[in-house]
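Novice: Input file: run-v2.txt. Contents: compact mmCIF, C-alpha atoms and all ligand atoms.
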# COMPACT_ATOMS: atom_id res chain seq x y z
CA MET S 9 55.18 6.07 -76.43
CA SER S 10 53.37 2.87 -75.62
CA GLY S 11 51.51 4.17 -72.58
CA VAL S 12 51.74 3.03 -69.01
CA ARG S 13 53.57 -0.27 -68.56
CA GLU S 14 52.15 -2.97 -66.35
CA VAL S 15 54.56 -4.34 -63.75
CA THR S 16 53.62 -7.36 -61.66
CA VAL S 17 55.35 -7.57 -58.29
CA ILE S 18 55.61 -11.11 -56.93
CA PRO S 19 57.01 -12.23 -53.57
CA LEU S 20 59.34 -15.19 -54.05
CA GLY S 21 59.73 -17.88 -51.40
CA THR S 22 57.93 -15.95 -48.70
CA HIS S 23 57.00 -12.37 -47.87
CA PRO S 24 60.03 -10.24 -47.03
CA ARG S 25 60.05 -9.26 -43.37
CA ASP S 26 59.29 -5.61 -42.49
CA VAL S 27 58.72 -4.65 -46.14
CA SER S 28 55.48 -3.03 -47.27
CA LEU S 29 54.80 -3.94 -50.88
CA GLU S 30 52.18 -1.18 -50.96
CA GLU S 31 54.82 1.37 -50.01
CA LEU S 32 57.16 -0.10 -52.62
CA ARG S 33 54.41 0.13 -55.20
CA SER S 34 53.74 3.81 -54.60
CA GLY S 35 57.46 4.58 -54.52
CA ILE S 36 58.04 2.96 -57.91
CA GLU S 37 54.95 4.58 -59.41
CA GLN S 38 56.19 8.01 -58.35
CA ILE S 39 59.41 7.56 -60.33
CA LEU S 40 58.45 5.38 -63.30
CA PRO S 41 55.37 5.64 -65.53
CA VAL S 42 54.27 2.10 -64.67
CA ARG S 43 51.22 0.56 -63.07
CA ILE S 44 52.02 -2.01 -60.40
CA THR S 45 49.97 -5.09 -59.61
CA ILE S 46 50.96 -7.00 -56.48
CA ARG S 47 50.46 -10.76 -56.42
CA PRO S 48 49.81 -11.55 -52.78
CA ARG S 49 50.75 -15.23 -52.86
CA PRO S 50 54.49 -16.04 -52.82
CA VAL S 51 55.87 -18.24 -55.58
CA ASP S 52 57.94 -21.26 -54.58
CA ILE S 53 61.63 -20.98 -55.51
CA ASP S 54 62.95 -24.02 -53.60
CA SER S 55 64.35 -25.54 -56.79
CA ALA S 56 66.73 -22.56 -57.13
CA LEU S 57 68.34 -23.30 -53.75
CA ASP S 58 72.00 -24.27 -53.81
CA ALA S 59 72.14 -26.41 -50.69
CA SER S 60 75.90 -26.18 -50.24
CA ARG S 61 75.95 -22.37 -50.53
CA LYS S 62 72.62 -21.94 -48.70
CA GLN S 63 71.78 -19.29 -51.29
CA TYR S 64 69.43 -19.12 -54.25
CA HIS S 65 70.80 -19.07 -57.78
CA SER S 66 69.39 -15.83 -59.13
CA THR S 67 69.40 -16.94 -62.79
CA SER S 68 67.27 -19.94 -61.82
CA VAL S 69 65.04 -17.65 -59.77
CA LEU S 70 64.50 -15.49 -62.87
CA ALA S 71 63.54 -18.61 -64.84
CA LEU S 72 60.99 -19.55 -62.15
CA LEU S 73 59.67 -16.01 -62.16
CA LEU S 74 59.20 -16.13 -65.93
CA GLN S 75 56.86 -19.12 -65.48
CA GLN S 76 54.50 -16.64 -63.83
CA ALA S 77 54.19 -14.57 -67.01
CA GLU S 78 50.76 -14.29 -68.57
CA PRO S 79 50.11 -13.27 -72.19
CA HIS S 80 49.64 -9.61 -71.22
CA THR S 81 52.59 -9.50 -68.82
CA GLU S 82 55.00 -6.66 -69.54
CA ARG S 83 57.37 -6.83 -66.58
CA LEU S 84 57.76 -9.14 -63.61
CA LEU S 85 59.55 -7.93 -60.49
CA GLY S 86 60.31 -10.60 -57.92
CA ILE S 87 61.19 -9.71 -54.34
CA THR S 88 62.61 -12.30 -52.00
CA PRO S 89 63.99 -12.37 -48.46
CA TYR S 90 66.42 -15.13 -49.51
CA ASP S 91 70.06 -14.49 -50.35
CA LEU S 92 70.84 -14.61 -54.08
CA PHE S 93 74.03 -15.50 -55.93
CA VAL S 94 75.48 -16.08 -59.34
CA PRO S 95 78.34 -18.60 -59.50
CA VAL S 96 81.15 -16.06 -59.99
CA LEU S 97 80.06 -13.80 -57.12
CA THR S 98 79.66 -14.17 -53.37
CA PHE S 99 76.16 -12.74 -53.63
CA VAL S 100 74.04 -10.39 -55.73
CA PHE S 101 71.53 -7.82 -54.50
CA GLY S 102 69.47 -8.57 -57.59
CA GLN S 103 69.48 -9.57 -61.23
CA ALA S 104 67.49 -8.60 -64.29
CA GLN S 105 67.09 -9.49 -67.92
CA LEU S 106 68.36 -6.59 -70.00
CA ASN S 107 65.52 -5.19 -72.06
CA ASN S 108 63.28 -8.10 -71.19
CA LEU S 109 60.56 -9.30 -68.84
CA ALA S 110 62.00 -10.34 -65.53
CA ALA S 111 63.87 -8.81 -62.61
CA VAL S 112 64.45 -9.92 -59.05
CA PHE S 113 66.00 -8.48 -55.94
CA SER S 114 66.70 -9.75 -52.45
CA THR S 115 66.08 -8.00 -49.16
CA PHE S 116 68.51 -10.35 -47.37
CA ARG S 117 71.39 -7.87 -47.31
CA LEU S 118 69.23 -4.73 -47.21
CA HIS S 119 68.43 -5.11 -43.49
CA ASN S 120 70.65 -3.19 -41.08
CA GLU S 121 70.48 -6.24 -38.80
CA PHE S 122 72.46 -8.21 -41.38
CA TYR S 123 75.39 -5.86 -40.65
CA GLY S 124 74.86 -5.92 -36.89
CA ILE S 125 73.41 -2.43 -36.64
CA PRO S 126 69.97 -1.40 -35.36
CA ARG S 127 67.06 -1.97 -37.69
CA SER S 128 65.66 0.96 -39.63
CA GLY S 129 62.40 0.55 -41.49
CA GLU S 130 63.09 3.80 -43.30
CA GLN S 131 66.49 2.67 -44.61
CA LEU S 132 65.12 -0.74 -45.55
CA ALA S 133 62.28 0.84 -47.54
CA ALA S 134 64.66 3.25 -49.29
CA ARG S 135 67.02 0.41 -50.25
CA CYS S 136 64.14 -1.73 -51.53
CA LEU S 137 62.90 1.13 -53.69
CA LYS S 138 66.38 1.73 -55.16
CA GLU S 139 66.91 -1.96 -55.89
CA ALA S 140 63.47 -2.22 -57.50
CA LEU S 141 64.09 0.85 -59.68
CA HIS S 142 67.58 -0.36 -60.59
CA GLU S 143 66.50 -3.83 -61.67
CA LEU S 144 63.44 -2.51 -63.51
CA GLY S 145 65.76 -0.02 -65.22
CA HIS S 146 67.72 -2.97 -66.64
CA THR S 147 64.49 -4.53 -67.96
CA PHE S 148 63.83 -1.26 -69.78
CA GLY S 149 67.25 -1.46 -71.44
CA LEU S 150 69.40 0.63 -69.10
CA ARG S 151 72.92 -0.53 -68.35
CA HIS S 152 75.00 0.56 -65.38
CA CYS S 153 75.39 4.30 -65.25
CA ILE S 154 78.84 5.62 -64.36
CA ASP S 155 78.70 9.28 -65.33
CA HIS S 156 76.16 10.68 -62.88
CA PRO S 157 74.64 10.07 -59.46
CA CYS S 158 71.90 7.70 -60.54
CA VAL S 159 69.92 4.72 -59.33
CA MET S 160 71.56 2.79 -62.21
CA ASN S 161 75.00 3.10 -60.55
CA SER S 162 76.15 -0.41 -59.72
CA SER S 163 76.28 -1.39 -56.05
CA THR S 164 78.80 -3.74 -54.52
CA TYR S 165 78.07 -2.85 -50.92
CA VAL S 166 74.94 -1.68 -49.16
CA GLU S 167 76.71 1.66 -48.61
CA ASP S 168 76.73 2.08 -52.40
CA ILE S 169 72.95 1.69 -52.40
CA ASP S 170 72.62 4.27 -49.62
CA LEU S 171 74.79 6.77 -51.51
CA LYS S 172 72.92 6.70 -54.80
CA PRO S 173 69.67 8.59 -55.35
CA ALA S 174 66.31 6.84 -55.72
CA ASP S 175 65.97 8.34 -59.17
CA PHE S 176 67.38 8.22 -62.66
CA CYS S 177 69.87 10.77 -63.97
CA LEU S 178 68.91 12.89 -66.96
CA PRO S 179 70.45 10.68 -69.70
CA CYS S 180 68.90 7.53 -68.18
CA ARG S 181 65.57 9.34 -67.85
CA GLU S 182 65.78 10.37 -71.50
CA HIS S 183 66.31 6.72 -72.46
CA LEU S 184 63.28 5.74 -70.37
CA GLU S 185 61.14 8.41 -71.98
CA ILE S 186 61.88 6.86 -75.37
CA VAL S 187 61.15 3.27 -74.39
CA LEU S 188 58.29 3.85 -71.95
ZN ZN S 201 72.59 -3.63 -62.15
ZN ZN S 202 71.96 7.26 -65.05
Step by step, read the file and then write its structure as structure tokens.
Ligand SMILES: [Zn+2]
Ligand SMILES: [Zn+2]
Specialist:
Amino acid sequence: MSGVREVTVIPLGTHPRDVSLEELRSGIEQILPVRITIRPRPVDIDSALDASRKQYHSTSVLALLLQQAEPHTERLLGITPYDLFVPVLTFVFGQAQLNNLAAVFSTFRLHNEFYGIPRSGEQLAARCLKEALHELGHTFGLRHCIDHPCVMNSSTYVEDIDLKPADFCLPCREHLEIVL
């Protein structure tokens, strides 16, 4: 046991609309033994923009996020309203370094409005929390979980996010208890 991990949450590009980082912080801290620091000022990620796709290359975004690391930094969680992609996929909800410092997720496709249905602050907050926990889970060495209902289940569609719990299954939790 190495004690409580420090996680720095950083808005990327600009502040995500309708998302309370304070609410996200308390949600994460209720599930994971981490202490969250929120950096209020967004970090510029313009250089990660793919102008032809009008999306941001998430691997480049992770590299930009890593430039924000300080000597004591344990984990960096970026949150951006911009749409993310990796070249082989149409989009990604997020990306993380397995067992390493940096994770990012996008709120772009977490809004009901994106799918033409009425906005729901509650659903948006729940999806943000699940994405944050999922990507942080990767940084703590967890891979996709297929055996149980678990926040580490992979999500292709927003419905997949809605179906999974905002918590880790027992085997994933046991892994976290060893590494955290
Ligand atoms: Zn994943
Ligand atoms: Zn699991």
Novice: Could you give me, as number ranges by chain, every polymer residue with an atom at most 10 Å away from an atom of ligand ZN 202 (chain S), counting only C-alpha atoms and all ligand atoms?
Specialist: S: 142, 145, 150-161, 175-183
Novice: So how far away is CA of Gln63 (chain S) from CA of Phe99 (chain S), in Å?
Specialist: 8.2 Å
Novice: Excluding same-chain residues fewer than 5 positions from Arg13 (chain S), what lies within 7 Å of it counting all atoms listed in the file, as a PDB file with C-alpha atoms, in the coordinates of the input?
Specialist:
ATOM      1  CA  PRO S  41      55.370   5.640 -65.530  1.00  0.00           C
ATOM      2  CA  VAL S  42      54.270   2.100 -64.670  1.00  0.00           C
ATOM      3  CA  ARG S  43      51.220   0.560 -63.070  1.00  0.00           C
ATOM      4  CA  GLU S  82      55.000  -6.660 -69.540  1.00  0.00           C
TER       5      GLU S  82
END
Novice: Neighbours of Thr147 (chain S) within 10 Å (all atoms listed in the file; same-chain residues fewer than 2 positions away dropped), as a ChimeraX atom specification?
Specialist: /S:82-85,103-111,141-145,149-151
Novice: Take the residues that were just selected and, keeping C-alpha atoms, output them as a PDB file, keeping the file's coordinate frame.
Specialist:
ATOM      1  CA  GLU S  82      55.000  -6.660 -69.540  1.00  0.00           C
ATOM      2  CA  ARG S  83      57.370  -6.830 -66.580  1.00  0.00           C
ATOM      3  CA  LEU S  84      57.760  -9.140 -63.610  1.00  0.00           C
ATOM      4  CA  LEU S  85      59.550  -7.930 -60.490  1.00  0.00           C
ATOM      5  CA  GLN S 103      69.480  -9.570 -61.230  1.00  0.00           C
ATOM      6  CA  ALA S 104      67.490  -8.600 -64.290  1.00  0.00           C
ATOM      7  CA  GLN S 105      67.090  -9.490 -67.920  1.00  0.00           C
ATOM      8  CA  LEU S 106      68.360  -6.590 -70.000  1.00  0.00           C
ATOM      9  CA  ASN S 107      65.520  -5.190 -72.060  1.00  0.00           C
ATOM     10  CA  ASN S 108      63.280  -8.100 -71.190  1.00  0.00           C
ATOM     11  CA  LEU S 109      60.560  -9.300 -68.840  1.00  0.00           C
ATOM     12  CA  ALA S 110      62.000 -10.340 -65.530  1.00  0.00           C
ATOM     13  CA  ALA S 111      63.870  -8.810 -62.610  1.00  0.00           C
ATOM     14  CA  LEU S 141      64.090   0.850 -59.680  1.00  0.00           C
ATOM     15  CA  HIS S 142      67.580  -0.360 -60.590  1.00  0.00           C
ATOM     16  CA  GLU S 143      66.500  -3.830 -61.670  1.00  0.00           C
ATOM     17  CA  LEU S 144      63.440  -2.510 -63.510  1.00  0.00           C
ATOM     18  CA  GLY S 145      65.760  -0.020 -65.220  1.00  0.00           C
ATOM     19  CA  GLY S 149      67.250  -1.460 -71.440  1.00  0.00           C
ATOM     20  CA  LEU S 150      69.400   0.630 -69.100  1.00  0.00           C
ATOM     21  CA  ARG S 151      72.920  -0.530 -68.350  1.00  0.00           C
TER      22      ARG S 151
END
Novice: Using all atoms listed in the file, which protein or nucleic acid residues come within 10 Å of Glu139 (chain S)? Drop anything in the same chain fewer than 4 positions from it, and give the result as a list in words.
Specialist: Ile87, Phe101, Gly102, Gln103, Val112, Phe113, Ser114, Thr115, Leu118, Ala133, Ala134, Arg135, Glu143, Leu144, Gly145, Val159, Met160, Ser163, Ile169 and Ala174 of chain S
Novice: For the atom pair CA of Thr88 (chain S) and CA of Pro126 (chain S), what is the interatomic distance in Å to one decimal place?
Specialist: 21.2 Å
Novice: Do you know which residues are at most 12 Å from Gln75 (chain S) counting only C-alpha atoms, after dropping those on the same chain fewer than 2 positions away, and could you put them as a list in words?
Specialist: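 With the cut-off at 12 Å, the set is Ile18, Val51, Asp52, Ile53, Ser68, Val69, Leu70, Ala71, Leu72, Leu73, Ala77, Glu78, Pro79, Thr81, Leu84, Gly86, Leu109 and Ala110 of chain S.
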Novice: Let me make sure I understand: among S:Gly129, S:Phe122, S:Val100, S:His23, which one has the smallest atom-to-atom distance to ligand ZN 201 (chain S) if we use only C-alpha atoms and all ligand atoms?
Specialist: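 Nearest candidate to ligand ZN 201 (chain S) out of S:Gly129, S:Phe122, S:Val100, S:His23: S:Val100.
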Novice: Rounded to one decimal place, report the CA of Thr22 (chain S)-CA of Pro173 (chain S) distance in Å.
Specialist: 28.0 Å
Novice: For Val15 (chain S), which residue out of S:His119, S:Arg49, S:His146, S:Arg33 is the nearest one, using only C-alpha atoms?
Specialist: S:Arg33
